[in-house]
Amino acid sequence: MTDKLARALGWTSLALGAAQLAAPRAVTRLCGVDDAPGATTVARLVGGRELLHAALLLGAKNPAQWAWTRVAGDMMDLGVLGRAVANRAGARRTRALAALGAVAGLTALDATCARGGTAKAKSPLQVRASITINKPREEVYRFWRELENLPTFMVHLDSVRTIDQRRSRWRAKGPIVDLEWEAEIIDERGGDLIAWRSVPGTGVATAGLVSFTDGPGGRGTVVDVSLEYGAPGHRRLAAAVARMFGEHPEQQVRDDLRRLKQVMETGEVVRSEGSPEGHRARRQLHQRPAQPIGGRA
């Protein structure tokens, strides 16, 4: 919803910018400041600024974070219009008051959008993916619940060592540094779902939930995975932590599930040695024919 509001504000900036560049005299007259020295030049400059806002809000992948640029522009406009109201009388003052009210309303929307964008940027990074595996639900569940099996299809994992029924020790090899943390199962429903999170203070802030449901017509199992990377303080930092494992988090989860499907249905993951899917595949300049690289635990 925040990004939709940001896009709408982007279109507003586009319309305002185009109007101020195309008809600056009409805009200054409408705002009651047409008698000010250099008013049309200022209107064109403001129009250029609005087009910059539009480019940021309409072109960005996460536009809400750029709403603060509109808030800054609004503050300047409110200052100009406030002085216009104080220094004018009659019809010009009335028009300036109307313009001041309109800008104040837009400022409230811009500030709401900007705050929402900031909150989103500081929220954990969440990714989700699902796949259907041609195996009974209980079998897929048992394979996942045996946590030592996870590295057979999660290539960013070097090992998972069970400590007790609830806790385990995870180790991952990143391209720069190795990561190690402790995780605990926080919810479990036999055959249905497993939820876990990293133990606070053990190195990496992550959480996940995997659910198992019968496929359409009772055939196979739908595996649905939700992961959360909660690097303290900022969503971008969380994404950076996730990418330390080798690729974009969403693509990583999809690739992991495809490998799980191969493991469950064929007993192994087949991948060429040159595949850039993780530290288990050797990187070479020329790909060799596909070879099995993992098996059922």
# chains A, B, ... in the order shown; residues from 1 in each chain; ligands from 1

call {"tool": "residues_around", "arguments": {"residues": "A:Lys4", "least_positions_apart": "3", "cutoff": "10 Å", "atoms": "only C-alpha atoms", "output": "NGL selection string"}}
result
:A and (1 or 7-10 or 63-64 or 113)

call {"tool": "write_last_selection", "arguments": {"atoms": "N, CA and C atoms", "output": "mmCIF file, in the first residue's frame"}}
result
data_model
loop_
_atom_site.group_PDB
_atom_site.id
_atom_site.type_symbol
_atom_site.label_atom_id
_atom_site.label_comp_id
_atom_site.auth_asym_id
_atom_site.auth_seq_id
_atom_site.Cartn_x
_atom_site.Cartn_y
_atom_site.Cartn_z
ATOM 1 N N MET A 1 0.825 -1.201 0.000
ATOM 2 C CA MET A 1 0.000 0.000 0.000
ATOM 3 C C MET A 1 0.865 1.259 0.000
ATOM 4 N N ARG A 7 3.733 5.683 -5.774
ATOM 5 C CA ARG A 7 3.566 5.776 -7.225
ATOM 6 C C ARG A 7 2.541 6.867 -7.581
ATOM 7 N N ALA A 8 1.442 6.927 -6.814
ATOM 8 C CA ALA A 8 0.434 7.954 -7.064
ATOM 9 C C ALA A 8 1.027 9.346 -6.885
ATOM 10 N N LEU A 9 1.857 9.513 -5.857
ATOM 11 C CA LEU A 9 2.515 10.802 -5.644
ATOM 12 C C LEU A 9 3.495 11.105 -6.771
ATOM 13 N N GLY A 10 4.100 10.047 -7.325
ATOM 14 C CA GLY A 10 4.985 10.234 -8.465
ATOM 15 C C GLY A 10 4.243 10.791 -9.669
ATOM 16 N N PRO A 63 9.739 2.675 -4.201
ATOM 17 C CA PRO A 63 9.581 4.126 -4.341
ATOM 18 C C PRO A 63 9.319 4.883 -3.048
ATOM 19 N N ALA A 64 8.732 4.225 -2.056
ATOM 20 C CA ALA A 64 8.349 4.961 -0.841
ATOM 21 C C ALA A 64 9.541 5.594 -0.150
ATOM 22 N N CYS A 113 3.585 8.716 3.536
ATOM 23 C CA CYS A 113 4.242 7.770 2.641
ATOM 24 C C CYS A 113 5.710 7.581 3.025
#

call {"tool": "residues_around", "arguments": {"residues": "A:Thr221", "least_positions_apart": "6", "cutoff": "10 Å", "atoms": "only C-alpha atoms", "output": "list of chain:residue names"}}
result
A:Ile131, A:Thr132, A:Ile133, A:Asn134, A:Lys135, A:Pro136, A:Arg137, A:Glu138, A:Glu139, A:Val140, A:Tyr141, A:Ser211, A:Phe212, A:Thr213, A:Asp214, A:Gly215

call {"tool": "write_last_selection", "arguments": {"atoms": "N, CA and C atoms", "output": "PDB file, in the first residue's frame"}}
result
ATOM      1  N   ILE A 131       6.757 -25.332  -3.813  1.00  0.00           N
ATOM      2  CA  ILE A 131       6.960 -26.310  -4.877  1.00  0.00           C
ATOM      3  C   ILE A 131       6.145 -27.552  -4.553  1.00  0.00           C
ATOM      4  N   THR A 132       5.768 -28.309  -5.563  1.00  0.00           N
ATOM      5  CA  THR A 132       5.055 -29.570  -5.367  1.00  0.00           C
ATOM      6  C   THR A 132       6.010 -30.724  -5.634  1.00  0.00           C
ATOM      7  N   ILE A 133       6.072 -31.646  -4.690  1.00  0.00           N
ATOM      8  CA  ILE A 133       6.983 -32.791  -4.770  1.00  0.00           C
ATOM      9  C   ILE A 133       6.157 -34.063  -4.863  1.00  0.00           C
ATOM     10  N   ASN A 134       6.509 -34.912  -5.766  1.00  0.00           N
ATOM     11  CA  ASN A 134       5.748 -36.142  -6.003  1.00  0.00           C
ATOM     12  C   ASN A 134       6.136 -37.227  -4.997  1.00  0.00           C
ATOM     13  N   LYS A 135       5.899 -36.925  -3.724  1.00  0.00           N
ATOM     14  CA  LYS A 135       6.139 -37.873  -2.638  1.00  0.00           C
ATOM     15  C   LYS A 135       5.099 -37.634  -1.558  1.00  0.00           C
ATOM     16  N   PRO A 136       4.784 -38.644  -0.747  1.00  0.00           N
ATOM     17  CA  PRO A 136       3.795 -38.457   0.322  1.00  0.00           C
ATOM     18  C   PRO A 136       4.237 -37.394   1.320  1.00  0.00           C
ATOM     19  N   ARG A 137       3.256 -36.727   1.881  1.00  0.00           N
ATOM     20  CA  ARG A 137       3.543 -35.626   2.805  1.00  0.00           C
ATOM     21  C   ARG A 137       4.400 -36.063   3.990  1.00  0.00           C
ATOM     22  N   GLU A 138       4.082 -37.166   4.603  1.00  0.00           N
ATOM     23  CA  GLU A 138       4.831 -37.620   5.773  1.00  0.00           C
ATOM     24  C   GLU A 138       6.298 -37.866   5.428  1.00  0.00           C
ATOM     25  N   GLU A 139       6.548 -38.394   4.240  1.00  0.00           N
ATOM     26  CA  GLU A 139       7.928 -38.684   3.840  1.00  0.00           C
ATOM     27  C   GLU A 139       8.722 -37.393   3.654  1.00  0.00           C
ATOM     28  N   VAL A 140       8.102 -36.402   3.003  1.00  0.00           N
ATOM     29  CA  VAL A 140       8.790 -35.127   2.803  1.00  0.00           C
ATOM     30  C   VAL A 140       9.031 -34.437   4.140  1.00  0.00           C
ATOM     31  N   TYR A 141       8.019 -34.493   5.004  1.00  0.00           N
ATOM     32  CA  TYR A 141       8.159 -33.888   6.331  1.00  0.00           C
ATOM     33  C   TYR A 141       9.306 -34.527   7.110  1.00  0.00           C
ATOM     34  N   SER A 211       5.761 -25.403   5.586  1.00  0.00           N
ATOM     35  CA  SER A 211       4.519 -26.152   5.767  1.00  0.00           C
ATOM     36  C   SER A 211       4.404 -27.215   4.682  1.00  0.00           C
ATOM     37  N   PHE A 212       3.709 -28.295   5.023  1.00  0.00           N
ATOM     38  CA  PHE A 212       3.537 -29.433   4.122  1.00  0.00           C
ATOM     39  C   PHE A 212       2.044 -29.713   3.997  1.00  0.00           C
ATOM     40  N   THR A 213       1.518 -29.643   2.787  1.00  0.00           N
ATOM     41  CA  THR A 213       0.110 -29.941   2.556  1.00  0.00           C
ATOM     42  C   THR A 213      -0.021 -30.896   1.383  1.00  0.00           C
ATOM     43  N   ASP A 214      -1.101 -31.645   1.388  1.00  0.00           N
ATOM     44  CA  ASP A 214      -1.332 -32.573   0.276  1.00  0.00           C
ATOM     45  C   ASP A 214      -1.549 -31.799  -1.016  1.00  0.00           C
ATOM     46  N   GLY A 215      -0.977 -32.329  -2.105  1.00  0.00           N
ATOM     47  CA  GLY A 215      -1.134 -31.697  -3.399  1.00  0.00           C
ATOM     48  C   GLY A 215      -2.540 -31.860  -3.949  1.00  0.00           C
TER      49      GLY A 215
END

call {"tool": "residues_around", "arguments": {"residues": "A:Val253", "least_positions_apart": "4", "cutoff": "7 Å", "atoms": "only C-alpha atoms", "output": "PyMOL selection string"}}
result
chain A and resi 129+249+257

call {"tool": "select_by_dssp", "arguments": {"residues": "stretch 26-217 of chain A", "states": "alpha helix (DSSP H)", "output": "VMD selection string"}}
result
chain A and resid 26 to 30 39 to 59 67 to 87 90 to 122 137 to 145

call {"tool": "residues_around", "arguments": {"residues": "A:Ala98", "least_positions_apart": "2", "cutoff": "10 Å", "atoms": "only C-alpha atoms", "output": "ChimeraX atom specification"}}
result
/A:30-32,81,85,92-96,100-104

call {"tool": "atom_distance", "arguments": {"atom1": "atom CA of A:Thr266", "atom2": "atom CA of A:Leu147"}}
result
19.5 Å

call {"tool": "residues_around", "arguments": {"residues": "A:Leu58", "least_positions_apart": "3", "cutoff": "12 Å", "atoms": "only C-alpha atoms", "output": "ChimeraX atom specification"}}
result
/A:3-14,50-55,61-67

call {"tool": "residues_around", "arguments": {"residues": "A:Leu157", "least_positions_apart": "5", "cutoff": "8 Å", "atoms": "only C-alpha atoms", "output": "tab-separated table (two decimals) with C-alpha atoms, in the first residue's frame"}}
result
chain	number	residue	atom	x	y	z
A	150	LEU	CA	19.18	-29.66	4.83
A	151	PRO	CA	22.68	-29.16	3.33
A	170	TRP	CA	24.15	-24.29	11.52
A	171	ARG	CA	27.24	-23.45	9.49
A	172	ALA	CA	27.34	-21.68	6.13
A	173	LYS	CA	30.23	-20.89	3.82

call {"tool": "atom_distance", "arguments": {"atom1": "atom CA of A:Val160", "atom2": "atom CA of A:Gly267"}}
result
19.5 Å

call {"tool": "residues_around", "arguments": {"residues": "A:Val42", "least_positions_apart": "3", "cutoff": "12 Å", "atoms": "only C-alpha atoms", "output": "JSON, numbers by chain"}}
result
{"A": [20, 21, 24, 25, 27, 28, 33, 34, 36, 37, 38, 39, 45, 46, 47, 48, 49, 76, 77, 80]}

call {"tool": "select_by_dssp", "arguments": {"residues": "stretch 3-206 of chain A", "states": "strand (DSSP E or B)", "output": "NGL selection string"}}
result
:A and (125-133 or 157-162 or 167-173 or 178-189 or 193-198 or 206)
